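Visitor: Just one file: entry_3.txt, with compact mmCIF, C-alpha atoms.
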```txt
# COMPACT_ATOMS: atom_id res chain seq x y z
CA MET T 1 -12.64 -29.65 -27.68
CA SER T 2 -15.61 -29.61 -30.05
CA LYS T 3 -14.81 -28.23 -33.50
CA GLN T 4 -18.08 -26.32 -33.34
CA ILE T 5 -16.77 -24.40 -30.32
CA LEU T 6 -13.41 -23.20 -31.69
CA GLN T 7 -12.45 -23.41 -35.34
CA THR T 8 -9.17 -22.50 -36.96
CA ASN T 9 -6.92 -23.13 -39.92
CA ARG T 10 -3.50 -23.80 -38.40
CA PRO T 11 -1.60 -23.33 -41.69
CA GLN T 12 -3.15 -19.84 -41.95
CA VAL T 13 -2.19 -19.09 -38.35
CA TYR T 14 1.41 -20.15 -39.04
CA LYS T 15 1.46 -17.93 -42.14
CA GLN T 16 0.33 -14.98 -40.01
CA ILE T 17 2.98 -15.77 -37.39
CA GLU T 18 5.67 -15.77 -40.06
CA LYS T 19 4.28 -12.54 -41.54
CA GLU T 20 4.14 -10.67 -38.21
CA LEU T 21 6.94 -12.23 -36.20
CA GLY T 22 9.21 -13.83 -38.78
CA LYS T 23 8.96 -17.21 -37.04
CA THR T 24 8.06 -20.67 -38.32
CA GLN T 25 6.40 -23.74 -36.86
CA ALA T 26 9.89 -25.20 -36.42
CA ASP T 27 10.84 -22.17 -34.29
CA ILE T 28 7.78 -22.74 -32.10
CA ASP T 29 8.58 -26.43 -31.67
CA ASN T 30 12.18 -25.62 -30.72
CA ASP T 31 11.12 -23.00 -28.17
CA ILE T 32 8.61 -25.41 -26.63
CA LYS T 33 11.48 -27.83 -25.98
CA ILE T 34 13.56 -25.06 -24.35
CA ILE T 35 10.68 -24.01 -22.09
CA LYS T 36 9.91 -27.60 -21.07
CA GLU T 37 13.53 -28.13 -20.02
CA TRP T 38 13.35 -24.96 -17.92
CA LEU T 39 10.07 -26.04 -16.33
CA LYS T 40 11.81 -29.18 -15.06
CA THR T 41 14.08 -26.91 -12.98
CA GLN T 42 11.15 -25.12 -11.28
CA PRO T 43 10.06 -27.39 -8.41
CA HIS T 44 7.70 -24.77 -6.95
CA LEU T 45 5.34 -25.03 -9.93
CA PRO T 46 2.46 -27.51 -9.56
CA GLU T 47 2.78 -29.04 -13.04
CA ILE T 48 4.45 -28.93 -16.41
CA PRO T 49 1.70 -27.57 -18.68
CA GLU T 50 0.76 -29.22 -21.94
CA ASP T 51 2.49 -28.15 -25.14
CA ARG T 52 -0.57 -26.23 -26.38
CA ILE T 53 -0.39 -23.87 -23.38
CA ILE T 54 3.37 -23.36 -23.75
CA GLU T 55 2.86 -22.66 -27.45
CA SER T 56 0.30 -19.95 -26.67
CA PHE T 57 2.57 -18.27 -24.12
CA ILE T 58 5.44 -18.26 -26.60
CA LEU T 59 3.19 -16.41 -29.05
CA PHE T 60 1.83 -14.04 -26.39
CA ASN T 61 5.42 -13.04 -25.64
CA LYS T 62 6.58 -12.82 -29.26
CA PHE T 63 9.12 -15.65 -28.90
CA SER T 64 10.96 -14.05 -25.96
CA ILE T 65 12.12 -17.03 -23.91
CA GLU T 66 12.64 -14.99 -20.73
CA ARG T 67 9.24 -13.29 -20.88
CA THR T 68 7.60 -16.63 -21.61
CA LYS T 69 9.20 -18.07 -18.46
CA GLN T 70 8.02 -15.10 -16.38
CA LYS T 71 4.44 -15.27 -17.65
CA LEU T 72 4.16 -19.04 -17.24
CA ASP T 73 5.41 -18.68 -13.66
CA MET T 74 2.87 -15.93 -13.04
CA TYR T 75 0.11 -18.04 -14.60
CA TYR T 76 0.38 -20.29 -11.55
CA THR T 77 1.51 -17.76 -8.93
CA ILE T 78 -1.30 -15.25 -9.50
CA ARG T 79 -3.88 -17.78 -8.33
CA SER T 80 -2.81 -17.13 -4.74
CA ALA T 81 -2.75 -13.35 -5.23
CA ILE T 82 -6.19 -12.91 -6.81
CA PRO T 83 -8.24 -15.97 -5.84
CA GLU T 84 -11.51 -14.10 -6.42
CA LEU T 85 -10.72 -14.08 -10.14
CA PHE T 86 -9.02 -17.46 -10.54
CA ASP T 87 -10.84 -19.75 -8.10
CA LYS T 88 -14.40 -19.53 -9.42
CA HIS T 89 -15.39 -22.94 -10.79
CA PRO T 90 -17.49 -22.52 -13.95
CA CYS T 91 -19.68 -25.46 -12.93
CA SER T 92 -20.52 -24.01 -9.50
CA PRO T 93 -24.09 -22.71 -8.99
CA GLU T 94 -22.93 -19.08 -8.71
CA MET T 95 -20.96 -19.23 -11.96
CA ILE T 96 -23.68 -21.09 -13.85
CA GLN T 97 -26.00 -18.27 -12.81
CA GLN T 98 -23.36 -15.71 -13.82
CA ALA T 99 -23.22 -17.24 -17.30
CA LYS T 100 -26.95 -16.53 -17.65
CA VAL T 101 -26.64 -12.93 -16.44
CA CYS T 102 -23.66 -12.00 -18.64
CA LEU T 103 -23.00 -14.01 -21.77
CA ILE T 104 -19.33 -14.28 -22.75
CA VAL T 105 -18.52 -16.35 -25.82
CA PRO T 106 -15.45 -16.70 -28.02
CA LEU T 107 -16.79 -16.71 -31.57
CA PRO T 108 -15.99 -20.00 -33.36
CA LYS T 109 -14.07 -18.57 -36.33
CA LEU T 110 -10.90 -16.50 -36.10
CA ALA T 111 -10.79 -12.98 -37.51
CA ASN T 112 -8.80 -12.42 -40.70
CA ASP T 113 -5.72 -11.48 -38.64
CA GLN T 114 -5.94 -14.90 -36.89
CA ARG T 115 -7.10 -13.37 -33.60
CA ARG T 116 -9.86 -14.81 -31.46
CA VAL T 117 -13.00 -12.63 -31.08
CA ILE T 118 -14.70 -12.70 -27.67
CA TYR T 119 -18.27 -11.34 -27.61
CA SER T 120 -19.90 -10.24 -24.37
CA LYS T 121 -23.43 -9.02 -23.64
CA PHE T 122 -25.77 -8.60 -20.68
CA SER T 123 -28.90 -10.72 -20.75
CA GLN T 124 -32.13 -8.71 -20.95
CA ASP T 125 -33.70 -11.22 -18.52
CA PHE T 126 -31.72 -9.94 -15.51
CA GLY T 127 -31.31 -6.53 -13.93
CA PRO T 128 -28.26 -4.91 -12.31
CA GLU T 129 -29.03 -6.58 -8.97
CA ALA T 130 -27.95 -9.93 -10.47
CA PHE T 131 -24.60 -8.60 -11.65
CA ASN T 132 -21.44 -9.54 -9.74
CA GLN T 133 -18.30 -7.93 -11.14
CA ASP T 134 -15.81 -10.42 -9.68
CA ASN T 135 -17.84 -13.31 -11.10
CA TYR T 136 -18.01 -11.58 -14.47
CA LEU T 137 -14.23 -11.13 -14.58
CA ALA T 138 -13.68 -14.69 -13.32
CA GLN T 139 -15.95 -15.93 -16.10
CA ASN T 140 -13.64 -14.30 -18.63
CA TYR T 141 -10.59 -16.05 -17.12
CA ASN T 142 -12.40 -19.40 -17.22
CA ILE T 143 -13.03 -18.80 -20.91
CA MET T 144 -9.35 -18.00 -21.36
CA GLU T 145 -8.39 -21.32 -19.75
CA LEU T 146 -10.26 -23.24 -22.42
CA ILE T 147 -9.15 -21.21 -25.42
CA LEU T 148 -5.56 -21.60 -24.19
CA ARG T 149 -6.08 -25.33 -24.63
CA GLY T 150 -8.00 -24.94 -27.86
CA GLU T 151 -6.80 -23.91 -31.26
CA LEU T 152 -3.88 -21.57 -31.92
CA TYR T 153 -4.50 -17.80 -32.13
CA LEU T 154 -2.36 -14.66 -31.99
CA GLY T 155 -4.41 -12.40 -29.74
CA VAL T 156 -7.91 -11.27 -28.83
CA HIS T 157 -10.49 -8.81 -30.10
CA TYR T 158 -13.18 -7.97 -27.52
CA ILE T 159 -16.72 -6.93 -28.46
CA PHE T 160 -18.92 -5.64 -25.62
CA ASP T 161 -22.59 -5.33 -26.55
CA CYS T 162 -23.98 -2.68 -24.20
CA ALA T 163 -27.65 -3.03 -25.17
CA GLY T 164 -28.51 -4.69 -21.86
CA PHE T 165 -26.26 -2.47 -19.75
CA LYS T 166 -28.29 -0.24 -17.40
CA PHE T 167 -27.37 2.69 -15.21
CA GLY T 168 -27.69 0.44 -12.15
CA HIS T 169 -24.72 -1.60 -13.35
CA VAL T 170 -22.49 1.47 -13.02
CA THR T 171 -22.82 1.49 -9.22
CA LYS T 172 -21.67 -2.14 -9.03
CA ILE T 173 -18.39 -1.58 -10.86
CA SER T 174 -15.28 -1.38 -8.67
CA PRO T 175 -12.16 0.39 -9.99
CA MET T 176 -10.02 -1.89 -7.78
CA ALA T 177 -11.52 -5.00 -9.36
CA LEU T 178 -10.79 -3.57 -12.79
CA LYS T 179 -7.21 -2.91 -11.68
CA LYS T 180 -6.79 -6.50 -10.48
CA ASN T 181 -8.13 -7.72 -13.80
CA SER T 182 -5.71 -5.45 -15.65
CA VAL T 183 -2.82 -6.88 -13.64
CA GLY T 184 -3.94 -10.41 -14.51
CA MET T 185 -4.17 -9.62 -18.20
CA GLU T 186 -0.75 -7.94 -18.21
CA LYS T 187 1.22 -10.27 -15.93
CA VAL T 188 -0.20 -13.52 -17.32
CA PHE T 189 -1.52 -12.92 -20.83
CA SER T 190 0.81 -10.05 -21.81
CA ASN T 191 -2.15 -7.84 -22.81
CA ARG T 192 -2.51 -9.52 -26.17
CA VAL T 193 -5.62 -7.39 -26.71
CA THR T 194 -5.71 -6.26 -30.34
CA SER T 195 -8.91 -4.20 -30.10
CA ILE T 196 -11.90 -3.45 -27.85
CA HIS T 197 -15.26 -2.54 -29.38
CA PHE T 198 -18.26 -1.21 -27.44
CA ILE T 199 -21.47 -1.40 -29.45
CA ASN T 200 -24.89 0.06 -28.52
CA PHE T 201 -22.92 2.43 -26.31
CA HIS T 202 -24.92 4.57 -23.85
CA PRO T 203 -23.74 8.00 -22.62
CA TYR T 204 -24.00 6.87 -18.98
CA MET T 205 -21.33 4.29 -19.73
CA GLU T 206 -18.70 7.04 -19.86
CA THR T 207 -18.06 6.65 -16.12
CA PRO T 208 -17.25 2.91 -16.12
CA LEU T 209 -15.34 3.37 -19.37
CA ASN T 210 -13.19 6.02 -17.69
CA PHE T 211 -12.59 3.59 -14.80
CA LEU T 212 -11.44 1.03 -17.36
CA LYS T 213 -9.20 3.46 -19.22
CA ALA T 214 -7.53 4.50 -15.95
CA VAL T 215 -6.16 1.00 -15.37
CA LEU T 216 -5.28 0.07 -18.96
CA PRO T 217 -1.91 0.68 -20.60
CA GLU T 218 -1.98 3.51 -23.12
CA LYS T 219 -1.51 1.15 -26.07
CA ILE T 220 -4.71 -0.70 -25.07
CA ARG T 221 -6.66 2.51 -24.39
CA ASN T 222 -5.87 3.61 -27.93
CA ARG T 223 -7.48 0.42 -29.27
CA ILE T 224 -10.94 1.17 -27.81
CA GLN T 225 -13.75 2.00 -30.23
CA MET T 226 -17.33 3.00 -29.35
CA TYR T 227 -20.37 2.69 -31.63
CA GLY T 228 -23.98 3.78 -31.17
CA ASP T 229 -25.11 0.61 -32.92
CA SER T 230 -23.50 -2.55 -34.32
CA ALA T 231 -23.02 -1.43 -37.93
CA GLY T 232 -19.42 -0.36 -37.32
CA LEU T 233 -18.40 -3.95 -36.61
CA PHE T 234 -18.75 -4.82 -40.30
CA ASN T 235 -15.94 -2.39 -41.08
CA VAL T 236 -13.65 -4.49 -38.86
CA PHE T 237 -14.85 -8.11 -39.01
CA PRO T 238 -16.24 -10.23 -41.85
CA LYS T 239 -19.95 -10.98 -41.67
CA ASN T 240 -19.43 -14.75 -41.53
CA ILE T 241 -17.75 -14.67 -38.10
CA LEU T 242 -20.21 -12.32 -36.35
CA PRO T 243 -23.32 -13.66 -34.54
CA LYS T 244 -26.89 -13.36 -35.79
CA ASP T 245 -27.55 -10.88 -32.98
CA VAL T 246 -25.84 -8.13 -34.99
CA GLY T 247 -26.73 -9.33 -38.48
CA GLY T 248 -23.87 -11.77 -38.91
CA GLU T 249 -23.95 -15.35 -40.17
CA GLU T 250 -22.70 -17.16 -37.06
CA GLU T 251 -25.00 -18.75 -34.45
CA SER T 252 -26.64 -16.45 -31.93
CA VAL T 253 -24.77 -15.50 -28.75
CA GLU T 254 -27.38 -17.40 -26.70
CA THR T 255 -26.80 -20.60 -28.70
CA LEU T 256 -23.02 -20.26 -28.42
CA ALA T 257 -23.31 -19.60 -24.67
CA GLU T 258 -25.21 -22.85 -24.24
CA LEU T 259 -22.48 -24.71 -26.13
CA TRP T 260 -19.84 -23.17 -23.87
CA GLN T 261 -21.71 -24.22 -20.74
CA LYS T 262 -21.65 -27.78 -22.06
CA GLU T 263 -17.93 -27.39 -22.74
CA PHE T 264 -17.35 -26.31 -19.14
CA GLN T 265 -19.24 -29.39 -17.94
CA ASN T 266 -17.09 -31.55 -20.22
CA ASN T 267 -14.01 -29.99 -18.62
CA LYS T 268 -15.17 -30.11 -15.00
CA ALA T 269 -12.16 -32.20 -13.94
CA LEU T 270 -9.79 -29.59 -15.39
CA PHE T 271 -11.37 -26.82 -13.32
CA ASP T 272 -11.46 -29.06 -10.24
CA LYS T 273 -7.68 -28.99 -10.56
CA LEU T 274 -7.22 -25.37 -11.61
CA THR T 275 -9.28 -23.88 -8.79
CA THR T 276 -7.15 -25.60 -6.15
CA MET T 277 -3.74 -25.43 -7.83
CA ARG T 278 -1.04 -23.42 -6.02
CA VAL T 279 2.70 -22.85 -6.23
CA ASP T 280 4.92 -24.02 -3.36
CA GLU T 281 6.85 -20.87 -2.46
CA SER T 282 9.19 -22.81 -0.18
CA LYS T 283 10.60 -24.53 -3.27
CA ARG T 284 10.97 -21.47 -5.50
CA PRO T 285 14.59 -21.42 -6.77
CA THR T 286 14.76 -17.67 -7.54
CA LYS T 287 12.75 -14.59 -6.65
CA LEU T 288 9.74 -13.99 -8.85
CA THR T 289 10.20 -11.10 -11.27
CA ASN T 290 7.93 -8.14 -10.36
CA ASP T 291 6.66 -9.75 -7.17
CA ASP T 292 6.90 -6.31 -5.53
CA ILE T 293 4.32 -5.05 -8.02
CA LEU T 294 1.96 -7.99 -7.80
CA GLY T 295 2.19 -8.60 -4.06
CA PHE T 296 1.57 -12.14 -2.86
CA TYR T 297 -1.62 -13.56 -1.41
CA GLY T 298 -4.02 -10.77 -2.18
CA ASN T 299 -1.92 -7.82 -0.97
CA PHE T 300 -2.92 -5.13 -3.45
CA LYS T 301 -1.99 -2.09 -1.39
CA LYS T 302 0.53 -1.08 -4.05
CA LEU T 303 -2.08 -1.23 -6.79
CA ASP T 304 -3.64 2.17 -6.23
CA VAL T 305 -5.90 3.44 -8.96
CA ASP T 306 -4.96 6.90 -10.19
```
Please express what this file holds, its structure, as structure tokens.

Guide:
Amino acid sequence: MSKQILQTNRPQVYKQIEKELGKTQADIDNDIKIIKEWLKTQPHLPEIPEDRIIESFILFNKFSIERTKQKLDMYYTIRSAIPELFDKHPCSPEMIQQAKVCLIVPLPKLANDQRRVIYSKFSQDFGPEAFNQDNYLAQNYNIMELILRGELYLGVHYIFDCAGFKFGHVTKISPMALKKNSVGMEKVFSNRVTSIHFINFHPYMETPLNFLKAVLPEKIRNRIQMYGDSAGLFNVFPKNILPKDVGGEEESVETLAELWQKEFQNNKALFDKLTTMRVDESKRPTKLTNDDILGFYGNFKKLDVD
């Protein structure tokens, strides 16, 4: 992966891991070996993932071996349950168009707490009629696939720039789709969301925000911040990691989005595999933990939104 896309200082990340979790690089390496041995006993899984992915899941689950096993299993299993979020190829015409309508970019530099910052904004060149919520959410998961394979990080800060968000977008937001996304973030990525920031927030966004809050765990709801402009971001993030769009020193969101589209093209073969990959349930050695909550193959009847 291009250094310009994702930058990090691994020694600093390891220092933060030791500070927050009391674990060392040697602990990570040892746990990777344990997980790889377990993966060899799981014939229903379609592959043994690369070490970088295992390493990320170990961190997401704070070095709990059992939770890491559960989340890695779900990483593959959920593709059958929510194909509309996990089967959208980023190089397909619909997703290339989606990337123009809604720009989602991980900022190149990590925040001071060694978390990745993902910046999202609606393009001013398209109206609400071009917005597709499932494609937007799938775009975020495609981004996650690449940062999983990129440089090490401890979690994610989200910045949503609402300047291009119009009232017409509200009518296209489905609470059920938000719930499915919440399940994916919890069951696969352990909700490693450190903070969520809405900038240029409009009053008519209260409705979709309430939809979002209804499906988020309380700990995540409490991490949401809203700002009328972008000035509040500088109280949270250093200027050198934020894009020019908000007065930062990093490249503009549009420039970064173009780089990410090239990165998707460079990884086309990876997504050719990911969008067709499935577990073989006939070979599963033990029942999947929480399969009654998830429901296999798109059965979300149990996932009612309060």

Visitor: Using atom CA of Gln98 of chain T and atom CA of Phe131 of chain T as the two end points, give the distance in Å to one decimal.

Guide: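 Going from atom CA of Gln98 of chain T over to atom CA of Phe131 of chain T covers 7.5 Å.
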
Visitor: Considering all atoms listed in the file, return as a PyMOL selection string whatever protein or nucleic-acid residues lie within 7 Å of segment 183-190 of chain T, sequence-local ones (same chain, fewer than 2 positions apart) excluded.

Guide: chain T and resi 60-61+71+74-75+179-181+192

Visitor: So that I have them on file, write out the residues from the current selection with C-alpha atoms, as an mmCIF file, in the frame of the given file.

Guide:
```cif
data_model
loop_
_atom_site.group_PDB
_atom_site.id
_atom_site.type_symbol
_atom_site.label_atom_id
_atom_site.label_comp_id
_atom_site.auth_asym_id
_atom_site.auth_seq_id
_atom_site.Cartn_x
_atom_site.Cartn_y
_atom_site.Cartn_z
ATOM 1 C CA PHE T 60 1.830 -14.040 -26.390
ATOM 2 C CA ASN T 61 5.420 -13.040 -25.640
ATOM 3 C CA LYS T 71 4.440 -15.270 -17.650
ATOM 4 C CA MET T 74 2.870 -15.930 -13.040
ATOM 5 C CA TYR T 75 0.110 -18.040 -14.600
ATOM 6 C CA LYS T 179 -7.210 -2.910 -11.680
ATOM 7 C CA LYS T 180 -6.790 -6.500 -10.480
ATOM 8 C CA ASN T 181 -8.130 -7.720 -13.800
ATOM 9 C CA ARG T 192 -2.510 -9.520 -26.170
#
```

Visitor: For segment 169-258 of chain T versus segment 122-130 of chain T, which residues have an atom no more than 9 Å away, and what is each residue's nearest atom pair and distance in Å rounded to one decimal, using all atoms listed in the file, chain-then-number order, as a tab-separated table?

Guide:
```
residue	atom	partner	partner_atom	distance
T:His169	CA	T:Pro128	CA	5.0
T:Val170	CA	T:Pro128	CA	8.6
T:Thr171	CA	T:Pro128	CA	8.9
T:Lys172	CA	T:Pro128	CA	7.9
```

Visitor: Could you jot down the atom CA of Ser92 of chain T to atom CA of Val105 of chain T separation for me, Å, one decimal place?

Guide: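 Computed distance, atom CA of Ser92 of chain T to atom CA of Val105 of chain T, equals 18.1 Å.
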
Visitor: With all atoms listed in the file as the basis for distance, which of T:Gln16, T:Ser182, T:Ser64, T:Thr8 is at the shortest distance from Ile34 of chain T?

Guide: T:Ser64

Visitor: Excluding Thr276 of chain T and residues on its chain fewer than 3 positions from it, collect all residues at most 9 Å away from it, counting all atoms listed in the file, and give them as a ChimeraX atom specification.

Guide: /T:79,87,271-273

Visitor: Output the selection as a PDB file, keeping the file's coordinate frame - C-alpha atoms for each residue.

Guide:
```pdb
ATOM      1  CA  ARG T  79      -3.880 -17.780  -8.330  1.00  0.00           C
ATOM      2  CA  ASP T  87     -10.840 -19.750  -8.100  1.00  0.00           C
ATOM      3  CA  PHE T 271     -11.370 -26.820 -13.320  1.00  0.00           C
ATOM      4  CA  ASP T 272     -11.460 -29.060 -10.240  1.00  0.00           C
ATOM      5  CA  LYS T 273      -7.680 -28.990 -10.560  1.00  0.00           C
TER       6      LYS T 273
END
```

Visitor: So which one's closest to His157 of chain T, T:Glu218, T:Glu249, T:Glu258, T:Asp113? Using all atoms listed in the file, please.

Guide: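 Of all the options, T:Asp113 lies closest to His157 of chain T.
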
Visitor: So that I can check the surroundings of Gln114 of chain T, please list as a PyMOL selection string every protein, DNA and RNA residue that reaches within 6 Å of it, counting only C-alpha atoms and ignoring chain neighbours fewer than 3 positions away.

Guide: chain T and resi 13+110-111+153

Visitor: Quick one: residues within 10 Å of Glu50 of chain T, all atoms listed in the file, excluding same-chain residues fewer than 6 positions away - as a list of chain:residue names?

Guide: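 Counting only the stated atoms, we get T:Ile32, T:Lys36, T:Arg149.
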
Visitor: Could you turn the residues from that selection into a file that holds C-alpha atoms, as an mmCIF file, keeping the file's coordinate frame?

Guide:
```cif
data_model
loop_
_atom_site.group_PDB
_atom_site.id
_atom_site.type_symbol
_atom_site.label_atom_id
_atom_site.label_comp_id
_atom_site.auth_asym_id
_atom_site.auth_seq_id
_atom_site.Cartn_x
_atom_site.Cartn_y
_atom_site.Cartn_z
ATOM 1 C CA ILE T 32 8.610 -25.410 -26.630
ATOM 2 C CA LYS T 36 9.910 -27.600 -21.070
ATOM 3 C CA ARG T 149 -6.080 -25.330 -24.630
#
```

Visitor: Rank T:Met277, T:Ile159, T:Ile173, T:Leu288 by their smallest atom-to-atom distance to Gly232 of chain T, using all atoms listed in the file, and report the top residue only.

Guide: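 When distances to Gly232 of chain T are compared using all atoms listed in the file, the smallest one comes from T:Ile159.
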
Visitor: Please report the interatomic distance between atom CA of Glu254 of chain T and atom CA of Leu103 of chain T in Å with one decimal.

Guide: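 So the two atoms, atom CA of Glu254 of chain T and atom CA of Leu103 of chain T, lie 7.4 Å apart.
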
Visitor: I'd like the contact shell of Phe211 of chain T - 8 Å cut-off, only C-alpha atoms, skipping same-chain residues fewer than 4 positions apart - returned as a PyMOL selection string.

Guide: chain T and resi 175+178+207+215

Visitor: Up to 10 Å from (-8.1, -13.8, -7.5) in the file's coordinates: name the residues, counting only C-alpha atoms, as an MDAnalysis selection string.

Guide: chainID T and resid 78:88 134 137:138 177 180:181 184 297:298
